[in-house]
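Scroll down for the structure; my scribbles are underneath it.
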Amino acid sequence: MKSEQSIGLLNKSVADELAAVHQYMYFHFHLDDLGFTPLASLFKRTAIMEMGHVEALAERILFLKGDVQMAAAESVETITDPAKMLAKAIEMEQGSARDYNGAAQNCGANADAVSKQLFERLVADEEGHQNEFERQLENIKRFGLSYLALQSFGAAAAPETAEK
């Protein structure tokens with residue numbers, strides 16, 4: 001096993017996941033401020049899952065006796081339109097899935113089965129995130145921003161109903 005190659009791939013993935021955490025939390029803050037609570041919550045939940053990915057990647061790097069590089073791959077894009085946020089998120093998830101597929105193949109070719117399995121699990125997670133974002137974007141395209149407003153209105157009314 002060539003652990004240096006795996007460590008490099010794992011650290012690149014840490015950087016990508018950190019960039020996703022930053023981007024998704026930025027989206028969460030702005031959507032929450034606009035009152036689009038359900039979509040804001042989706043971005044927050046996804047950011048938390050991405051933090052879990054960072055942790056799993058870091059644990060593997062440390063097992064391989066590497067050092068974890070904690071720098072995000074890119075800076076946050078200042079997007080405030082919900083549909084554009086979702087389009088950006090879809091693009092990010094597609095890129096991650098593509099990169100992780102390649103990393104899994106590389107790790108497999110270098111006899112690092114555990115890193116390969118980690119990358120394969122990440123591919124499945126990223127494709128799940130992409131699916132959620134695509135569903136939300138399709139609903140916005142179909143129903144307009146009123147879709148988000150109605151969701152938020154329902155989410156705001158739900159706690160009051162539960163208390164009665």
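In the structure tokens, chains take letters A, B, ... by order of appearance, with residues numbered from 1 within each chain and ligands from 1 in the order shown.
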
(request) Please provide as a list in words all residues within 9 Å of Gly35 of chain A, with the sequence filter that same-chain residues fewer than 5 positions apart are discarded (counting only C-alpha atoms). (result)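 Near Gly35 of chain A, the qualifying residues are His30, Ala40, Leu148, Ala149, Ser152 and Phe153 of chain A.
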
(request) Write out as an MDAnalysis selection string which residues come within 10 Å of Ala20 of chain A when counting only C-alpha atoms, dropping same-chain ones fewer than 5 positions away. (result) chainID A and resid 14:15 25:26 43 46:47 50:51 72:76 89 92:93 96

(message) Report, in Å with one decimal, the straight-line distance from atom CA of Val114 of chain A to atom CA of Arg45 of chain A.
(response)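 Going from atom CA of Val114 of chain A over to atom CA of Arg45 of chain A, I get 26.2 Å.
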
(request) Run DSSP on the backbone and give me the residues of segment 55-136 of chain A it puts in alpha helix (DSSP H), as a PyMOL selection string. (result) chain A and resi 55-63+82-109+113-136

Using only C-alpha atoms, find each residue in segment 40-121 of chain A having at least one atom no more than 9 Å away from segment 137-146 of chain A; report its shortest atom-to-atom pair and that distance in Å (one decimal), rows by chain then rising number, as a Markdown table.
```
| residue | atom | partner | partner_atom | distance |
| --- | --- | --- | --- | --- |
| A:Pro82 | CA | A:Leu145 | CA | 8.3 |
| A:Ala83 | CA | A:Leu137 | CA | 6.0 |
| A:Lys84 | CA | A:Leu137 | CA | 8.8 |
| A:Leu86 | CA | A:Leu137 | CA | 6.0 |
| A:Ala87 | CA | A:Leu137 | CA | 7.3 |
```

(message) Nearest residue to Lys65 of chain A out of A:Asp16, A:Glu4, A:Glu127, A:Glu132, using only C-alpha atoms?
(response)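 With only C-alpha atoms as the atom set, the closest residue is A:Glu4.
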
(request) Find the spatial neighbours of Gln94 of chain A, counting only C-alpha atoms, within a cut-off of 10 Å - ignore same-chain residues fewer than 2 positions away - and output them as a PyMOL selection string. (result) chain A and resi 88-92+96-100+123+126-127+129-130

(message) Restricting the calculation to only C-alpha atoms: of A:Asn101, A:Ser41, A:Thr80, A:Gln69, which residue gets closest to Leu10 of chain A?
(response)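 Looking only at the distances to Leu10 of chain A, the closest residue turns out to be A:Gln69.
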
(request) Go through A:Ala111, A:Ala19, A:Ala103, A:Leu9 one by one, measure the shortest atom-to-atom distance of each to Glu77 of chain A using only C-alpha atoms, and give the residue with the smallest value. (result)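 Of all the options, A:Ala19 lies closest to Glu77 of chain A.
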